[in-house]
file structure25.txt (compact mmCIF, C-alpha atoms and all ligand atoms)
# COMPACT_ATOMS: atom_id res chain seq x y z
CA ASN A 1 -3.16 -20.74 33.63
CA LYS A 2 -6.38 -20.33 31.68
CA THR A 3 -6.97 -21.98 28.31
CA ILE A 4 -9.96 -21.79 25.96
CA ILE A 5 -10.91 -25.01 24.26
CA LEU A 6 -13.47 -25.77 21.57
CA SER A 7 -16.16 -27.51 23.58
CA SER A 8 -18.57 -28.15 20.68
CA ARG A 9 -18.89 -27.33 17.00
CA PRO A 10 -21.30 -24.48 16.16
CA LYS A 11 -24.48 -25.08 14.22
CA GLY A 12 -24.93 -21.79 12.37
CA THR A 13 -23.73 -18.73 14.24
CA PRO A 14 -21.26 -19.60 17.03
CA THR A 15 -22.13 -18.84 20.67
CA GLN A 16 -20.31 -18.70 24.01
CA ASP A 17 -21.42 -22.34 24.53
CA ASN A 18 -18.98 -23.49 21.86
CA PHE A 19 -16.09 -22.38 24.08
CA GLU A 20 -14.97 -23.63 27.49
CA PHE A 21 -12.44 -22.15 29.88
CA THR A 22 -10.12 -24.71 31.50
CA GLN A 23 -7.17 -24.45 33.88
CA THR A 24 -3.80 -26.08 33.24
CA ASP A 25 -0.53 -26.05 35.16
CA VAL A 26 2.38 -24.15 33.68
CA ALA A 27 4.93 -26.80 32.74
CA THR A 28 8.65 -26.29 33.40
CA ILE A 29 10.73 -25.75 30.30
CA GLU A 30 13.21 -28.26 28.93
CA GLU A 31 16.33 -27.65 26.84
CA GLY A 32 15.40 -25.83 23.59
CA GLU A 33 12.08 -24.54 24.97
CA VAL A 34 10.70 -21.16 26.04
CA LEU A 35 7.92 -20.11 28.40
CA LEU A 36 5.67 -17.55 26.73
CA LYS A 37 3.23 -15.09 28.25
CA ALA A 38 0.43 -14.06 25.87
CA LEU A 39 0.08 -10.27 25.51
CA TYR A 40 -2.34 -9.83 22.59
CA ILE A 41 -4.64 -12.45 21.09
CA SER A 42 -6.10 -12.04 17.62
CA VAL A 43 -9.63 -13.09 16.76
CA ASP A 44 -10.25 -13.59 13.03
CA PRO A 45 -13.19 -14.58 10.84
CA TYR A 46 -11.33 -17.59 9.35
CA MET A 47 -11.47 -19.24 12.78
CA ARG A 48 -15.17 -19.84 12.21
CA GLY A 49 -14.24 -22.21 9.38
CA ARG A 50 -11.87 -24.14 11.63
CA MET A 51 -14.62 -24.62 14.21
CA SER A 52 -16.51 -26.79 11.70
CA ASP A 53 -15.45 -30.28 10.79
CA VAL A 54 -14.91 -29.59 7.09
CA LYS A 55 -11.88 -29.84 4.89
CA SER A 56 -10.39 -26.44 4.08
CA TYR A 57 -7.01 -24.82 3.63
CA VAL A 58 -6.35 -25.21 7.36
CA ALA A 59 -7.31 -28.25 9.43
CA PRO A 60 -10.38 -28.00 11.71
CA TYR A 61 -9.88 -27.37 15.43
CA GLU A 62 -10.40 -30.50 17.49
CA VAL A 63 -13.21 -30.62 20.04
CA GLY A 64 -11.67 -30.63 23.52
CA LYS A 65 -8.44 -29.01 22.29
CA PRO A 66 -7.39 -25.33 22.55
CA ILE A 67 -8.35 -22.83 19.87
CA MET A 68 -5.21 -21.67 18.04
CA GLY A 69 -4.49 -18.39 16.30
CA GLY A 70 -2.27 -15.36 15.99
CA VAL A 71 -0.78 -14.28 19.33
CA VAL A 72 1.86 -11.74 20.38
CA ALA A 73 3.73 -13.11 23.38
CA GLU A 74 6.69 -12.29 25.60
CA VAL A 75 9.46 -14.78 26.37
CA LEU A 76 9.40 -15.12 30.16
CA GLU A 77 12.01 -17.87 30.44
CA SER A 78 14.28 -19.39 27.84
CA LYS A 79 16.39 -22.48 27.30
CA ASN A 80 16.41 -21.77 23.56
CA GLU A 81 19.50 -19.99 22.29
CA LYS A 82 17.59 -18.25 19.48
CA LEU A 83 15.04 -16.59 21.79
CA GLN A 84 16.27 -14.50 24.70
CA LYS A 85 14.27 -13.85 27.83
CA GLY A 86 12.35 -10.58 27.32
CA ALA A 87 12.03 -11.01 23.54
CA VAL A 88 8.60 -10.53 21.97
CA VAL A 89 7.36 -12.95 19.34
CA VAL A 90 4.34 -13.44 17.12
CA GLY A 91 3.17 -16.93 16.32
CA ASN A 92 0.34 -19.39 15.92
CA LEU A 93 -0.40 -20.22 19.54
CA PRO A 94 -3.24 -21.56 21.69
CA TRP A 95 -5.72 -19.27 23.43
CA GLN A 96 -3.82 -19.73 26.68
CA GLN A 97 -2.18 -17.35 29.14
CA TYR A 98 1.18 -19.16 29.48
CA VAL A 99 2.56 -21.59 26.92
CA VAL A 100 5.65 -23.79 26.82
CA HIS A 101 6.94 -23.86 23.24
CA ASN A 102 9.90 -25.27 21.28
CA GLY A 103 10.37 -21.96 19.43
CA LYS A 104 9.65 -23.35 15.96
CA GLY A 105 7.61 -20.96 13.80
CA LEU A 106 7.82 -18.08 16.28
CA ASN A 107 8.84 -14.76 14.70
CA PRO A 108 10.66 -12.24 16.92
CA ILE A 109 9.36 -8.70 16.55
CA ASP A 110 11.09 -5.39 17.15
CA PRO A 111 9.25 -3.52 19.93
CA ASP A 112 10.70 -0.20 18.73
CA MET A 113 9.36 -0.49 15.19
CA ALA A 114 5.63 -0.20 15.92
CA PRO A 115 3.20 -1.03 18.75
CA LEU A 116 3.38 -4.78 19.40
CA SER A 117 -0.26 -5.40 18.53
CA TYR A 118 0.24 -4.07 14.98
CA HIS A 119 1.90 -7.39 14.11
CA LEU A 120 -1.51 -9.04 14.36
CA GLY A 121 -3.08 -6.38 12.12
CA ILE A 122 -1.68 -3.94 9.63
CA LEU A 123 1.87 -5.38 9.83
CA GLY A 124 0.64 -8.96 10.13
CA MET A 125 -1.75 -11.33 8.40
CA PRO A 126 -4.62 -8.87 7.68
CA GLY A 127 -2.29 -6.15 6.34
CA LEU A 128 -0.52 -8.62 4.08
CA THR A 129 -3.87 -9.93 2.87
CA ALA A 130 -4.92 -6.43 1.86
CA TYR A 131 -1.58 -5.78 0.18
CA PHE A 132 -1.43 -8.89 -2.00
CA GLY A 133 -5.12 -9.13 -2.82
CA LEU A 134 -5.30 -5.53 -3.94
CA LEU A 135 -1.94 -5.06 -5.62
CA HIS A 136 -1.37 -8.51 -7.17
CA ILE A 137 -4.92 -9.41 -8.14
CA GLY A 138 -6.70 -6.05 -8.21
CA GLN A 139 -3.82 -4.25 -9.93
CA PRO A 140 -5.38 -0.80 -9.37
CA LYS A 141 -4.33 1.99 -11.71
CA GLU A 142 -4.51 5.71 -11.13
CA GLY A 143 -7.98 7.11 -11.78
CA GLU A 144 -9.72 3.73 -11.52
CA THR A 145 -12.61 2.99 -9.15
CA VAL A 146 -12.00 0.44 -6.39
CA VAL A 147 -14.86 -0.96 -4.30
CA VAL A 148 -14.14 -2.83 -1.08
CA SER A 149 -16.70 -4.69 1.02
CA GLY A 150 -16.13 -5.31 4.74
CA ALA A 151 -14.48 -1.92 4.32
CA ALA A 152 -14.20 -0.88 7.97
CA GLY A 153 -12.51 -4.08 9.18
CA ALA A 154 -8.89 -5.14 9.58
CA VAL A 155 -8.36 -6.00 5.91
CA GLY A 156 -10.81 -3.53 4.34
CA THR A 157 -9.38 -0.40 5.97
CA VAL A 158 -5.93 -1.22 4.61
CA VAL A 159 -7.25 -2.09 1.14
CA GLY A 160 -9.02 1.25 0.79
CA GLN A 161 -6.05 3.26 1.97
CA ILE A 162 -3.59 1.51 -0.34
CA ALA A 163 -6.02 2.09 -3.23
CA LYS A 164 -6.04 5.81 -2.33
CA LEU A 165 -2.22 5.79 -2.33
CA LYS A 166 -2.41 4.42 -5.87
CA GLY A 167 -4.61 7.34 -6.93
CA CYS A 168 -7.93 5.52 -7.19
CA ARG A 169 -11.50 6.54 -6.39
CA VAL A 170 -12.40 4.35 -3.42
CA VAL A 171 -15.85 3.27 -2.30
CA GLY A 172 -16.27 1.29 0.92
CA ILE A 173 -19.26 -0.83 1.91
CA ALA A 174 -19.78 -1.43 5.65
CA GLY A 175 -22.49 -1.96 8.25
CA SER A 176 -22.97 1.29 10.22
CA ASP A 177 -23.08 5.06 9.76
CA ASP A 178 -20.20 5.47 12.23
CA LYS A 179 -18.08 3.14 10.14
CA ILE A 180 -18.92 5.03 6.94
CA GLU A 181 -18.10 8.34 8.60
CA TYR A 182 -14.77 6.90 9.76
CA LEU A 183 -13.91 5.62 6.27
CA VAL A 184 -14.70 8.92 4.56
CA ASN A 185 -13.56 11.44 7.19
CA GLU A 186 -10.58 9.68 8.74
CA LEU A 187 -9.27 7.35 6.05
CA GLY A 188 -10.01 9.45 2.97
CA PHE A 189 -12.38 7.05 1.17
CA ASP A 190 -14.36 8.93 -1.49
CA GLU A 191 -17.71 7.39 -0.59
CA GLY A 192 -19.22 4.83 1.71
CA ILE A 193 -22.38 2.75 1.61
CA ASN A 194 -24.09 1.45 4.75
CA TYR A 195 -25.46 -1.86 3.47
CA LYS A 196 -27.67 -2.30 6.52
CA THR A 197 -29.71 0.87 5.95
CA THR A 198 -29.51 1.22 2.16
CA VAL A 199 -32.78 0.09 0.60
CA ASN A 200 -31.51 -0.47 -2.93
CA ILE A 201 -27.87 -1.48 -2.81
CA ASN A 202 -27.60 -1.86 -6.62
CA GLU A 203 -28.62 1.78 -7.07
CA ALA A 204 -26.33 2.92 -4.27
CA VAL A 205 -23.31 1.20 -5.84
CA ALA A 206 -24.15 2.58 -9.29
CA LYS A 207 -24.49 6.08 -7.86
CA ALA A 208 -21.24 5.88 -5.87
CA CYS A 209 -19.38 4.60 -8.94
CA PRO A 210 -20.47 6.84 -11.84
CA ASP A 211 -17.60 5.51 -13.99
CA GLY A 212 -18.27 1.87 -13.05
CA VAL A 213 -16.10 -0.47 -10.96
CA ASP A 214 -12.58 -1.44 -12.08
CA VAL A 215 -11.49 -3.38 -8.98
CA TYR A 216 -13.68 -5.18 -6.46
CA PHE A 217 -12.00 -6.43 -3.28
CA ASP A 218 -14.54 -8.81 -1.78
CA ASN A 219 -14.44 -9.53 1.94
CA VAL A 220 -18.07 -10.57 2.38
CA GLY A 221 -19.86 -12.08 -0.66
CA GLY A 222 -23.63 -12.42 -0.92
CA GLU A 223 -26.01 -9.66 -2.00
CA ILE A 224 -23.43 -6.92 -1.46
CA SER A 225 -21.22 -8.55 -4.08
CA ASP A 226 -24.16 -9.11 -6.44
CA ALA A 227 -24.73 -5.35 -6.45
CA VAL A 228 -21.09 -4.67 -7.30
CA TYR A 229 -21.09 -7.24 -10.13
CA HIS A 230 -23.79 -5.25 -11.91
CA ALA A 231 -21.50 -2.20 -11.98
CA LEU A 232 -18.32 -3.90 -13.25
CA ASN A 233 -16.38 -2.34 -16.13
CA LYS A 234 -14.77 -4.11 -19.04
CA PHE A 235 -11.46 -5.73 -17.95
CA SER A 236 -12.23 -5.23 -14.26
CA ARG A 237 -10.58 -7.42 -11.59
CA ILE A 238 -12.13 -9.11 -8.57
CA ALA A 239 -10.10 -10.36 -5.59
CA ILE A 240 -12.12 -12.88 -3.59
CA CYS A 241 -10.65 -12.49 -0.12
CA GLY A 242 -13.47 -13.47 2.23
CA GLN A 243 -17.12 -14.58 2.20
CA ILE A 244 -18.13 -13.83 5.76
CA ALA A 245 -21.80 -13.48 4.77
CA PHE A 246 -21.81 -17.28 4.32
CA TYR A 247 -19.59 -18.52 7.16
CA ASN A 248 -22.54 -19.26 9.45
CA ASN A 249 -24.81 -20.73 6.77
CA THR A 250 -26.11 -24.22 7.35
CA SER A 251 -26.91 -24.86 3.69
CA PRO A 252 -25.14 -23.76 0.48
CA ALA A 253 -25.90 -20.19 -0.58
CA THR A 254 -27.63 -19.42 -3.85
CA GLY A 255 -27.67 -16.17 -5.77
CA LEU A 256 -26.66 -14.37 -8.93
CA ARG A 257 -24.87 -16.41 -11.61
CA VAL A 258 -21.92 -14.16 -12.34
CA GLU A 259 -20.49 -16.03 -15.32
CA PRO A 260 -22.41 -14.07 -18.02
CA ILE A 261 -21.16 -10.82 -16.51
CA LEU A 262 -17.58 -12.09 -16.29
CA LEU A 263 -17.79 -13.20 -19.90
CA LYS A 264 -19.32 -10.06 -21.37
CA LYS A 265 -17.02 -7.75 -19.45
CA SER A 266 -13.81 -9.82 -19.74
CA VAL A 267 -13.51 -9.80 -15.95
CA LEU A 268 -10.71 -11.49 -14.03
CA MET A 269 -11.92 -13.08 -10.78
CA LYS A 270 -9.47 -14.78 -8.45
CA GLY A 271 -9.72 -16.25 -4.98
CA PHE A 272 -6.60 -16.25 -2.82
CA ILE A 273 -5.22 -17.13 0.59
CA VAL A 274 -2.61 -14.79 2.01
CA ASN A 275 -0.20 -17.71 2.42
CA ASP A 276 -0.10 -18.04 -1.38
CA TYR A 277 2.35 -15.13 -1.14
CA THR A 278 4.56 -16.34 1.74
CA SER A 279 7.76 -15.94 -0.26
CA GLU A 280 7.02 -12.22 -0.69
CA PHE A 281 5.97 -11.37 2.88
CA GLY A 282 9.28 -9.69 3.78
CA HIS A 283 9.11 -7.10 1.04
CA ALA A 284 5.42 -6.37 1.62
CA ALA A 285 5.83 -5.99 5.39
CA LYS A 286 8.65 -3.50 4.76
CA GLU A 287 6.52 -1.42 2.43
CA LEU A 288 3.55 -1.44 4.84
CA THR A 289 5.88 -0.38 7.68
CA THR A 290 7.26 2.49 5.60
CA TRP A 291 3.78 3.73 4.66
CA LEU A 292 2.75 3.53 8.31
CA GLN A 293 5.83 5.39 9.55
CA GLU A 294 5.38 8.06 6.88
CA GLY A 295 1.81 8.59 8.04
CA LYS A 296 0.39 7.43 4.69
CA LEU A 297 -1.62 4.67 6.37
CA GLN A 298 -3.87 5.19 9.39
CA TYR A 299 -4.57 2.28 11.67
CA GLN A 300 -7.31 1.56 14.15
CA GLU A 301 -7.90 -1.33 16.53
CA SER A 302 -10.86 -2.44 18.61
CA VAL A 303 -9.26 -3.84 21.76
CA LYS A 304 -11.07 -5.76 24.47
CA GLU A 305 -9.25 -6.17 27.79
CA GLY A 306 -8.91 -9.48 29.61
CA PHE A 307 -8.53 -13.14 28.68
CA GLU A 308 -12.22 -13.80 29.52
CA GLN A 309 -13.25 -11.44 26.71
CA ILE A 310 -11.80 -13.56 23.89
CA PRO A 311 -14.98 -15.49 22.91
CA GLU A 312 -17.06 -12.31 22.98
CA ALA A 313 -14.51 -10.47 20.83
CA PHE A 314 -14.61 -13.32 18.32
CA LEU A 315 -18.42 -13.47 18.24
CA GLY A 316 -18.55 -9.70 17.69
CA LEU A 317 -16.89 -10.12 14.28
CA PHE A 318 -20.13 -11.59 12.97
CA SER A 319 -22.30 -8.75 14.23
CA GLY A 320 -19.87 -6.07 13.08
CA GLU A 321 -18.90 -4.77 16.52
CA ASN A 322 -15.34 -4.00 15.48
CA THR A 323 -13.93 -1.08 13.56
CA GLY A 324 -10.45 -1.93 12.34
CA LYS A 325 -8.66 -4.93 13.76
CA GLN A 326 -10.32 -6.76 16.68
CA LEU A 327 -7.87 -7.86 19.37
CA VAL A 328 -7.87 -8.87 22.99
CA LYS A 329 -5.19 -7.55 25.32
CA VAL A 330 -4.58 -10.24 27.91
CA ALA A 331 -1.49 -9.00 29.77
CA GLU A 332 0.98 -6.12 30.06
CA ARG A 333 4.48 -6.68 28.84
P1 LIG B 1 -13.08 -7.71 9.88
O1 LIG B 1 -12.22 -6.90 10.77
O2 LIG B 1 -13.55 -7.09 8.60
O3 LIG B 1 -14.32 -8.21 10.74
C1 LIG B 1 -15.41 -8.81 10.15
C2 LIG B 1 -16.42 -7.77 9.64
O4 LIG B 1 -17.26 -8.39 8.69
C3 LIG B 1 -17.37 -7.25 10.70
O5 LIG B 1 -16.84 -6.16 11.40
C4 LIG B 1 -18.62 -6.89 9.91
O6 LIG B 1 -18.61 -5.51 9.57
C5 LIG B 1 -18.50 -7.72 8.63
N1 LIG B 1 -19.58 -8.71 8.53
C6 LIG B 1 -19.90 -9.66 9.44
N2 LIG B 1 -20.94 -10.40 8.98
C7 LIG B 1 -21.29 -9.88 7.76
C8 LIG B 1 -22.28 -10.20 6.78
N3 LIG B 1 -23.12 -11.21 6.97
N4 LIG B 1 -22.33 -9.44 5.67
C9 LIG B 1 -21.47 -8.43 5.47
N5 LIG B 1 -20.51 -8.08 6.34
C10 LIG B 1 -20.40 -8.81 7.47
O7 LIG B 1 -12.34 -9.06 9.53
P2 LIG B 1 -11.00 -9.22 8.69
O8 LIG B 1 -10.63 -7.91 8.12
O9 LIG B 1 -10.04 -9.95 9.51
O10 LIG B 1 -11.46 -10.18 7.51
C11 LIG B 1 -12.27 -9.69 6.46
C12 LIG B 1 -12.57 -10.82 5.49
O11 LIG B 1 -11.37 -11.27 4.89
C13 LIG B 1 -13.19 -12.05 6.15
O12 LIG B 1 -14.17 -12.59 5.26
C14 LIG B 1 -12.04 -12.99 6.30
O13 LIG B 1 -12.44 -14.33 6.34
C15 LIG B 1 -11.22 -12.66 5.08
N6 LIG B 1 -9.79 -12.94 5.18
C16 LIG B 1 -9.23 -13.66 4.18
C17 LIG B 1 -7.89 -13.92 4.18
C18 LIG B 1 -7.30 -14.66 3.04
O14 LIG B 1 -6.15 -15.08 3.15
N7 LIG B 1 -8.01 -14.84 1.95
C19 LIG B 1 -7.02 -13.49 5.29
C20 LIG B 1 -7.72 -12.64 6.26
C21 LIG B 1 -9.06 -12.41 6.20
P3 LIG B 1 -19.94 -4.70 9.12
O15 LIG B 1 -20.29 -3.82 10.26
O16 LIG B 1 -19.47 -3.94 7.92
O17 LIG B 1 -21.00 -5.73 8.82
call {"tool": "encode", "arguments": {"input": "structure25.txt", "output": "structure tokens"}}
result
Amino acid sequence: NKTIILSSRPKGTPTQDNFEFTQTDVATIEEGEVLLKALYISVDPYMRGRMSDVKSYVAPYEVGKPIMGGVVAEVLESKNEKLQKGAVVVGNLPWQQYVVHNGKGLNPIDPDMAPLSYHLGILGMPGLTAYFGLLHIGQPKEGETVVVSGAAGAVGTVVGQIAKLKGCRVVGIAGSDDKIEYLVNELGFDEGINYKTTVNINEAVAKACPDGVDVYFDNVGGEISDAVYHALNKFSRIAICGQIAFYNNTSPATGLRVEPILLKKSVLMKGFIVNDYTSEFGHAAKELTTWLQEGKLQYQESVKEGFEQIPEAFLGLFSGENTGKQLVKVAER
């Protein structure tokens, strides 16, 4: 029974050395417990924050303890009346092949509704993040221009597609020509900007947004965001979802002071955590499911196979290896 523990805290960009594989016995279950087999393990950028010993909205991982995160798992054995053997659940679980659990906080999922892995992506945390950040904070209106950074990732792909459903012009910023081609040709984005090859990103944003920017959904921060700020319209809205450009920094970032722009353009800027909207998850998940079933949303995953691949899949988030949601498939159901 393999487990991945945090063996040391990263200084700057994380490496394989920060993770260690250990073996544990599979415990026998007691009354009220279930034995789970991990099927899909999610790797997410926020985990980088938890690897550091800093106060944030979730507690840091402990050195020597398993990394935890979103996992889809099958109930192999059950002494818990609420979870039958054979059920599939999604929950916050350790990076471990087999886990004994008391069932608290596990959400059963319907295997007939959508592929199981979707509950870690478009129908799970990233999809909900896109939904609330765009619709509640961005409030896009028909004919407006929406820019999304980190556009080809788990959250960004959903943001852009929902903005298209709302009748907006959508511009995505991402890190490769293949990603831009995917956004424009497969997902229906109006334009894409490859920030890695574009020499003058300010000009590229201005050109892609001839009527200015009404909504900016920010997944990355840094110089990409600075370029978008210069193109903001009066009464525009900014949803601060992620700042991945800074997650591996070892000293505080400096850059554009945005306040004069926010003031002159009456801009609304708001940071958020998806869990701010917990009470509304049910309704949002239903709407995302409907859009998906009606073919109004496309969905892509980057899936690595095998438990051993988990650290590499995680590290790849910071070099942009994934298109869509990055997952690791660790077992068949
Ligand atoms: P993604 O699937 O988008 O994966 C991360 C992507 O970020 C990479 O593929 C890469 O794409 C891009 N990236 C990596 N480093 C940089 C950099 N230095 N500058 C610009 N882009 C970079 O991840 P998610 O969709 O899961 O998450 C997207 C963002 O949203 C993250 O910042 C995450 O922390 C945040 N988030 C926030 C939540 C909230 O509740 N507020 C919930 C979920 C996610 P590329 O090739 O384009 O560089």
call {"tool": "closest_atom_pairs", "arguments": {"input": "structure25.txt", "of": "chain A", "to": "ligand LIG 1 (chain B)", "cutoff": "6 Å", "atoms": "only C-alpha atoms and all ligand atoms", "output": "JSON lines"}}
result
{"residue": "A:Asp44", "atom": "CA", "partner": "B:LIG1", "partner_atom": "O9", "distance": 5.1}
{"residue": "A:Pro45", "atom": "CA", "partner": "B:LIG1", "partner_atom": "O13", "distance": 4.6}
{"residue": "A:Tyr46", "atom": "CA", "partner": "B:LIG1", "partner_atom": "O13", "distance": 4.6}
{"residue": "A:Pro126", "atom": "CA", "partner": "B:LIG1", "partner_atom": "C20", "distance": 5.1}
{"residue": "A:Thr129", "atom": "CA", "partner": "B:LIG1", "partner_atom": "C19", "distance": 5.3}
{"residue": "A:Gly150", "atom": "CA", "partner": "B:LIG1", "partner_atom": "O16", "distance": 4.8}
{"residue": "A:Gly153", "atom": "CA", "partner": "B:LIG1", "partner_atom": "O2", "distance": 3.2}
{"residue": "A:Ala154", "atom": "CA", "partner": "B:LIG1", "partner_atom": "O8", "distance": 3.6}
{"residue": "A:Val155", "atom": "CA", "partner": "B:LIG1", "partner_atom": "O8", "distance": 3.7}
{"residue": "A:Gly156", "atom": "CA", "partner": "B:LIG1", "partner_atom": "O8", "distance": 5.8}
{"residue": "A:Ala174", "atom": "CA", "partner": "B:LIG1", "partner_atom": "O16", "distance": 3.4}
{"residue": "A:Gly175", "atom": "CA", "partner": "B:LIG1", "partner_atom": "O15", "distance": 3.5}
{"residue": "A:Ser176", "atom": "CA", "partner": "B:LIG1", "partner_atom": "O15", "distance": 5.8}
{"residue": "A:Asn219", "atom": "CA", "partner": "B:LIG1", "partner_atom": "C12", "distance": 4.2}
{"residue": "A:Val220", "atom": "CA", "partner": "B:LIG1", "partner_atom": "C9", "distance": 5.1}
{"residue": "A:Cys241", "atom": "CA", "partner": "B:LIG1", "partner_atom": "N7", "distance": 4.1}
{"residue": "A:Gly242", "atom": "CA", "partner": "B:LIG1", "partner_atom": "O12", "distance": 3.2}
{"residue": "A:Gln243", "atom": "CA", "partner": "B:LIG1", "partner_atom": "O12", "distance": 4.7}
{"residue": "A:Ile244", "atom": "CA", "partner": "B:LIG1", "partner_atom": "O12", "distance": 4.2}
{"residue": "A:Ala245", "atom": "CA", "partner": "B:LIG1", "partner_atom": "N3", "distance": 3.4}
{"residue": "A:Phe272", "atom": "CA", "partner": "B:LIG1", "partner_atom": "N7", "distance": 5.2}
{"residue": "A:Ile273", "atom": "CA", "partner": "B:LIG1", "partner_atom": "O14", "distance": 3.4}
{"residue": "A:Val274", "atom": "CA", "partner": "B:LIG1", "partner_atom": "O14", "distance": 3.7}
{"residue": "A:Leu317", "atom": "CA", "partner": "B:LIG1", "partner_atom": "C1", "distance": 4.6}
{"residue": "A:Phe318", "atom": "CA", "partner": "B:LIG1", "partner_atom": "C6", "distance": 4.0}
{"residue": "A:Ser319", "atom": "CA", "partner": "B:LIG1", "partner_atom": "C6", "distance": 5.4}
{"residue": "A:Gly320", "atom": "CA", "partner": "B:LIG1", "partner_atom": "O5", "distance": 3.5}
{"residue": "A:Glu321", "atom": "CA", "partner": "B:LIG1", "partner_atom": "O5", "distance": 5.7}
{"residue": "A:Asn322", "atom": "CA", "partner": "B:LIG1", "partner_atom": "O5", "distance": 4.9}
{"residue": "A:Gly324", "atom": "CA", "partner": "B:LIG1", "partner_atom": "O1", "distance": 5.5}
{"residue": "A:Lys325", "atom": "CA", "partner": "B:LIG1", "partner_atom": "O1", "distance": 5.0}
call {"tool": "closest_residue", "arguments": {"input": "structure25.txt", "among": "A:Lys85, A:Val100, A:Val58, A:Lys207", "to": "A:Ala27", "atoms": "only C-alpha atoms"}}
result
A:Val100
call {"tool": "residues_around", "arguments": {"input": "structure25.txt", "residues": "A:Val147", "least_positions_apart": "2", "cutoff": "9 Å", "atoms": "all atoms listed in the file", "output": "list in words"}}
result
Thr145, Ser149, Ala151, Gly160, Arg169, Val170, Val171, Gly172, Ile173, Val205, Cys209, Val213, Asp214, Val215, Tyr216, Phe217, Asp218 and Val228 of chain A
call {"tool": "write_last_selection", "arguments": {"input": "structure25.txt", "atoms": "C-alpha atoms", "output": "short mmCIF file (atom, residue, chain, number, x, y, z; two decimals), keeping the file's coordinate frame"}}
result
data_model
loop_
_atom_site.label_atom_id
_atom_site.label_comp_id
_atom_site.auth_asym_id
_atom_site.auth_seq_id
_atom_site.Cartn_x
_atom_site.Cartn_y
_atom_site.Cartn_z
CA THR A 145 -12.61 2.99 -9.15
CA SER A 149 -16.70 -4.69 1.02
CA ALA A 151 -14.48 -1.92 4.32
CA GLY A 160 -9.02 1.25 0.79
CA ARG A 169 -11.50 6.54 -6.39
CA VAL A 170 -12.40 4.35 -3.42
CA VAL A 171 -15.85 3.27 -2.30
CA GLY A 172 -16.27 1.29 0.92
CA ILE A 173 -19.26 -0.83 1.91
CA VAL A 205 -23.31 1.20 -5.84
CA CYS A 209 -19.38 4.60 -8.94
CA VAL A 213 -16.10 -0.47 -10.96
CA ASP A 214 -12.58 -1.44 -12.08
CA VAL A 215 -11.49 -3.38 -8.98
CA TYR A 216 -13.68 -5.18 -6.46
CA PHE A 217 -12.00 -6.43 -3.28
CA ASP A 218 -14.54 -8.81 -1.78
CA VAL A 228 -21.09 -4.67 -7.30
#
call {"tool": "closest_residue", "arguments": {"input": "structure25.txt", "among": "A:Gln326, A:Lys196, A:Leu116, A:Ile4", "to": "A:Ala313", "atoms": "only C-alpha atoms"}}
result
A:Gln326
call {"tool": "residues_around", "arguments": {"input": "structure25.txt", "residues": "A:Gln97", "least_positions_apart": "3", "cutoff": "7 Å", "atoms": "only C-alpha atoms", "output": "MDAnalysis selection string"}}
result
chainID A and resid 1:3 37:38
call {"tool": "atom_distance", "arguments": {"input": "structure25.txt", "atom1": "atom CA of A:Leu187", "atom2": "atom CA of A:Val72"}}
result
26.3 Å
call {"tool": "closest_residue", "arguments": {"input": "structure25.txt", "among": "A:Ala227, A:Leu135, A:Ala239, A:Met113", "to": "A:Thr290", "atoms": "all atoms listed in the file"}}
result
A:Met113
call {"tool": "residues_around", "arguments": {"input": "structure25.txt", "residues": "A:Gly121", "least_positions_apart": "3", "cutoff": "12 Å", "atoms": "only C-alpha atoms", "output": "JSON, numbers by chain"}}
result
{"A": [40, 41, 42, 43, 44, 70, 71, 72, 90, 114, 115, 116, 117, 118, 124, 125, 126, 127, 128, 129, 130, 153, 154, 155, 156, 157, 158, 285, 288, 289, 298, 299, 300, 301, 302, 303, 324, 325, 326, 327]}
call {"tool": "closest_residue", "arguments": {"input": "structure25.txt", "among": "A:Ala87, A:Ile137, A:Leu262, A:Leu76", "to": "A:Ile29", "atoms": "only C-alpha atoms"}}
result
A:Leu76
call {"tool": "atom_distance", "arguments": {"input": "structure25.txt", "atom1": "atom CA of A:His119", "atom2": "atom CA of A:Val184"}}
result
25.2 Å
call {"tool": "residues_around", "arguments": {"input": "structure25.txt", "residues": "A:Asn80", "least_positions_apart": "4", "cutoff": "8 Å", "atoms": "all atoms listed in the file", "output": "list in words"}}
result
Glu31, Gly32, Glu33, Val34, Gln84, Asn102 and Gly103 of chain A
call {"tool": "atom_distance", "arguments": {"input": "structure25.txt", "atom1": "atom CA of A:Val146", "atom2": "atom CA of A:Cys168"}}
result
6.6 Å
call {"tool": "closest_residue", "arguments": {"input": "structure25.txt", "among": "A:Pro210, A:Ile180, A:Asp17, A:Gly105", "to": "A:Ile193", "atoms": "all atoms listed in the file"}}
result
A:Ile180
call {"tool": "axis_aligned_box", "arguments": {"input": "structure25.txt", "around": "stretch 282-292 of chain A", "padding_each_side": "6 Å", "output": "lines of an AutoDock Vina configuration file"}}
result
center_x = 6.0
center_y = -3.0
center_z = 4.7
size_x = 18.5
size_y = 25.4
size_z = 19.3
